[in-house]
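Report on the structure given below.
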Amino acid sequence: MKRCIFYLPYKLEEHGKGARMMRPRKMIQAFREIGYDVFVIEGYSRARKRQIRQLKKCIRHGFQYEFMYAESSTMPILLTDPHHLPLHPFVDFGFFRWMKKRGIPIGLFYCDIYWKFDSYGEALPGWKRFFSLKCYVYDIRQYVKLLDRFYIPSGKLLDYLASEALSERSVLLPPGAEELRIRRDASRIRDFSVNPLHVFYVGGIGAHYQIEALIRAVSRTENCVLTLCCREHEWQKEKIRFEKFLNERIQIVHRNGDELEPYYDNADIGALIFENGAYMNMAMPYKAFEYLGHEIPVIATKDTAIGHFTEQNGTGWVIPYHEDAVCSVLNKILHRPEMLGEKQKTCIETKEQNLWKCRAGMVEKTLSQMKE
């Protein structure tokens, strides 16, 4: 049996929600699906140190590992313990160096570069922000020395990183789609006055996720409904901006995990309408690929990373961030419901090329090249 190592510098909660928890679980499962026995190293630094000792013992007893795939935290690797103190500063990169000396290829998925923006750490005392930024820079320097492949969610991230060495080793690795069995019949004759066009948005609101154009557009489009699913505390913070646009056709819910399935089942369109900004233009939303897994066409903002993906693959409609543009595309679909069936067919084809096991296969392919 083939063997690989999965390395995560934080605790992987069994029932944790959000991309930070979901993506590693999906990748571990995907490696197993393509035939790997996966040695998982995760948890706080003391636990990782113990697991590293176990792995080294396996290697000394003759176990061979094809590669190590790691994922970064949103925090510097030195500060991922709950107290955010670098009490075990040599555990992670010391192990990376040990692996490199033994010729085991190392790839790392770099999930986020929020720390490069001026808004990072606004609530932190100045000295904490300064120290955190220095730790991020230290991570990058170690990655330059130790990584064979640098996996990224979108190419625009490299513009902010400004590292020629890592750019040369970079490989696009956006989120994957679930291999779900979906039954849809969007191409049938549809009376939208009886069965309205259903738009579904699930994700963050506020900060980088500015979605006012979507809400305003649905509020003025007849025979169209919107279900907006977000965290309750985010809604309480932002609702004052949206309440004047709400009507009986806009529903606000707070659900996650399996609770989302009925909403995916009822959705005709997934919304990825965000105001353009440096962060959203390079971010690849995890939920976008949950829409794809459920074979739901999307409306995405032009010049964003997910907008480029949607345009390249034909899995939806790409428009400027403006309520008139949203209204226009919604009304086109209302007048031509067969457009939904056409886009869903493309979603099915695109999904097959973007499953989680495809992502694991890409890692296998790109890291195995390092041993040739």
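By convention in this document, the chains of the structure tokens carry letters A, B, ... by their order, each chain's residues are numbered from 1, and ligands are numbered from 1 in the order they are shown.
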
(message) Using only C-alpha atoms, which protein or nucleic acid residues come within 12 Å of range 201-204 of chain A? Drop anything in the same chain fewer than 4 positions from it, and give the result as number ranges by chain.
(response) A: 17-19, 208-212, 214-215, 218, 225-235, 237-238, 250-257, 259-261, 263-264, 267-274, 280, 285-291, 296, 298-300

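For range 184-371 of chain A, a DSSP pass over the backbone yields strand (DSSP E) at Leu197, His198, Val199, Phe200, Tyr201, Val202, Cys224, Val225, Leu226, Thr227, Leu228, Cys229, Ile250, Gln251, Ile252, Val253, Ile269, Gly270, Ala271, Leu272, Val298, Ile299, Ala300, Thr301, Gly316, Trp317, Val318 and Ile319 of chain A.
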
Would you put the residues from that selection into a file with N, CA and C atoms, as a short mmCIF file (atom, residue, chain, number, x, y, z; two decimals), in the first residue's frame?
```cif
data_model
loop_
_atom_site.label_atom_id
_atom_site.label_comp_id
_atom_site.auth_asym_id
_atom_site.auth_seq_id
_atom_site.Cartn_x
_atom_site.Cartn_y
_atom_site.Cartn_z
N LEU A 197 -38.05 31.40 -8.72
CA LEU A 197 -36.62 31.16 -8.89
C LEU A 197 -35.95 31.32 -7.52
N HIS A 198 -35.21 30.29 -7.11
CA HIS A 198 -34.67 30.27 -5.74
C HIS A 198 -33.16 30.50 -5.77
N VAL A 199 -32.73 31.62 -5.21
CA VAL A 199 -31.31 31.95 -5.08
C VAL A 199 -30.88 31.63 -3.65
N PHE A 200 -29.71 31.01 -3.52
CA PHE A 200 -29.21 30.62 -2.20
C PHE A 200 -27.83 31.22 -1.99
N TYR A 201 -27.67 31.95 -0.89
CA TYR A 201 -26.34 32.44 -0.48
C TYR A 201 -26.01 31.86 0.88
N VAL A 202 -24.83 31.23 0.99
CA VAL A 202 -24.37 30.73 2.28
C VAL A 202 -22.93 31.18 2.45
N CYS A 224 -38.86 35.80 -7.66
CA CYS A 224 -37.51 35.38 -7.27
C CYS A 224 -37.40 35.45 -5.75
N VAL A 225 -36.85 34.40 -5.13
CA VAL A 225 -36.68 34.40 -3.69
C VAL A 225 -35.21 34.17 -3.35
N LEU A 226 -34.82 34.64 -2.19
CA LEU A 226 -33.44 34.49 -1.72
C LEU A 226 -33.45 33.89 -0.31
N THR A 227 -32.66 32.85 -0.13
CA THR A 227 -32.35 32.37 1.22
C THR A 227 -30.93 32.76 1.52
N LEU A 228 -30.74 33.55 2.56
CA LEU A 228 -29.42 34.00 2.97
C LEU A 228 -29.06 33.29 4.27
N CYS A 229 -28.02 32.48 4.21
CA CYS A 229 -27.58 31.71 5.38
C CYS A 229 -26.23 32.24 5.86
N ILE A 250 -37.37 37.22 0.94
CA ILE A 250 -35.99 37.07 1.42
C ILE A 250 -36.02 36.45 2.81
N GLN A 251 -35.40 35.31 2.92
CA GLN A 251 -35.40 34.56 4.18
C GLN A 251 -33.98 34.52 4.75
N ILE A 252 -33.85 34.80 6.04
CA ILE A 252 -32.55 34.75 6.72
C ILE A 252 -32.53 33.52 7.63
N VAL A 253 -31.51 32.67 7.47
CA VAL A 253 -31.40 31.47 8.31
C VAL A 253 -29.97 31.36 8.83
N ILE A 269 -29.97 28.60 -7.99
CA ILE A 269 -28.75 29.37 -8.26
C ILE A 269 -28.01 29.58 -6.94
N GLY A 270 -26.70 29.44 -6.97
CA GLY A 270 -25.86 29.80 -5.84
C GLY A 270 -25.29 31.19 -6.05
N ALA A 271 -25.30 32.01 -5.02
CA ALA A 271 -24.83 33.39 -5.14
C ALA A 271 -23.40 33.53 -4.66
N LEU A 272 -22.57 34.08 -5.53
CA LEU A 272 -21.18 34.42 -5.20
C LEU A 272 -20.93 35.87 -5.60
N VAL A 298 -24.01 29.18 -10.61
CA VAL A 298 -23.79 30.33 -9.73
C VAL A 298 -23.80 31.64 -10.51
N ILE A 299 -24.05 32.69 -9.78
CA ILE A 299 -23.82 34.06 -10.29
C ILE A 299 -22.62 34.59 -9.51
N ALA A 300 -21.56 34.95 -10.22
CA ALA A 300 -20.33 35.38 -9.57
C ALA A 300 -19.91 36.76 -10.06
N THR A 301 -19.11 37.42 -9.26
CA THR A 301 -18.65 38.77 -9.59
C THR A 301 -17.47 38.72 -10.55
N GLY A 316 -21.85 29.13 -14.68
CA GLY A 316 -22.77 30.15 -14.20
C GLY A 316 -22.64 31.42 -15.00
N TRP A 317 -23.03 32.51 -14.38
CA TRP A 317 -23.05 33.81 -15.00
C TRP A 317 -22.09 34.74 -14.25
N VAL A 318 -21.27 35.47 -14.97
CA VAL A 318 -20.28 36.36 -14.36
C VAL A 318 -20.64 37.80 -14.73
N ILE A 319 -20.83 38.63 -13.71
CA ILE A 319 -21.35 39.98 -13.93
C ILE A 319 -20.61 40.98 -13.05
#
```

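Taking CA of Thr315 in chain A and CA of Leu173 in chain A as endpoints, the distance between them is 18.2 Å.
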
(message) So that I can see what lies close to range 101-118 of chain A, please list as an MDAnalysis selection string the residues with an atom at most 9 Å from it, counting only C-alpha atoms and leaving out residues fewer than 2 positions away in the same chain.
(response) chainID A and resid 7 20 65:75 96:99 120:122 132:133 136 143 146:153 157 160:161 173 278:279 283 363 366:368 370:371

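The shortest atom-to-atom distance to Gln29 in chain A, with only C-alpha atoms taken into account, belongs to A:Arg359 out of A:Lys145, A:His83, A:Lys365, A:Arg359.
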
(message) For a quick check of understanding, using only C-alpha atoms, which of A:Ile189, A:Val91, A:Leu78, A:Leu12 has the smallest distance to Asp139 in chain A?
(response)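 The shortest atom-to-atom distance to Asp139 in chain A comes from A:Leu78.
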
(request) Could you please determine the separation between CA of Phe90 in chain A and CA of Ala360 in chain A in Å, to one decimal place? (result)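 Answer for the CA of Phe90 in chain A to CA of Ala360 in chain A separation: 28.3 Å.
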
(request) Tell me which protein, DNA and RNA residues are within 12 Å of Gln54 in chain A, counting only C-alpha atoms, leaving out same-chain ones fewer than 4 positions away, and put them as a list in words. (result)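 So, after excluding close chain neighbours, the residues are Phe39, Val40, Ile41, Ala47, Arg48, Lys49, Arg50, Cys58, Ile59, Arg60, His61 and Phe63 of chain A.
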
Would you write out those residues with N, CA and C atoms, as a compact mmCIF listing (two decimals), in the first residue's frame?
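Dumped to result_27.txt:
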```txt
# COMPACT_ATOMS: atom_id res chain seq x y z
N PHE A 39 -0.66 8.86 7.31
CA PHE A 39 -0.21 9.13 8.68
C PHE A 39 -0.50 10.59 8.97
N VAL A 40 -1.44 10.84 9.87
CA VAL A 40 -1.88 12.21 10.15
C VAL A 40 -1.15 12.76 11.36
N ILE A 41 -0.55 13.93 11.18
CA ILE A 41 0.05 14.68 12.28
C ILE A 41 -0.76 15.98 12.43
N ALA A 47 1.32 17.74 21.02
CA ALA A 47 0.79 16.54 20.37
C ALA A 47 1.54 16.26 19.07
N ARG A 48 1.83 17.31 18.30
CA ARG A 48 2.57 17.11 17.05
C ARG A 48 3.95 16.52 17.33
N LYS A 49 4.58 17.01 18.38
CA LYS A 49 5.91 16.52 18.75
C LYS A 49 5.86 15.01 19.04
N ARG A 50 4.83 14.57 19.73
CA ARG A 50 4.67 13.15 20.05
C ARG A 50 4.42 12.34 18.78
N CYS A 58 8.52 4.80 12.71
CA CYS A 58 8.03 4.02 11.57
C CYS A 58 9.03 4.05 10.42
N ILE A 59 9.56 5.24 10.13
CA ILE A 59 10.51 5.37 9.02
C ILE A 59 11.78 4.59 9.32
N ARG A 60 12.26 4.63 10.56
CA ARG A 60 13.46 3.88 10.92
C ARG A 60 13.24 2.37 10.83
N HIS A 61 11.98 1.93 10.97
CA HIS A 61 11.67 0.51 10.86
C HIS A 61 11.35 0.10 9.42
N PHE A 63 9.33 1.77 7.02
CA PHE A 63 8.15 2.28 6.32
C PHE A 63 8.57 3.39 5.35
```

(request) Name the residues of range 147-202 of chain A that fall into helix (DSSP H, G or I) according to DSSP on the backbone, using the chain letters and numbers of this document, as a PyMOL selection string. (result) chain A and resi 157-161+164-168
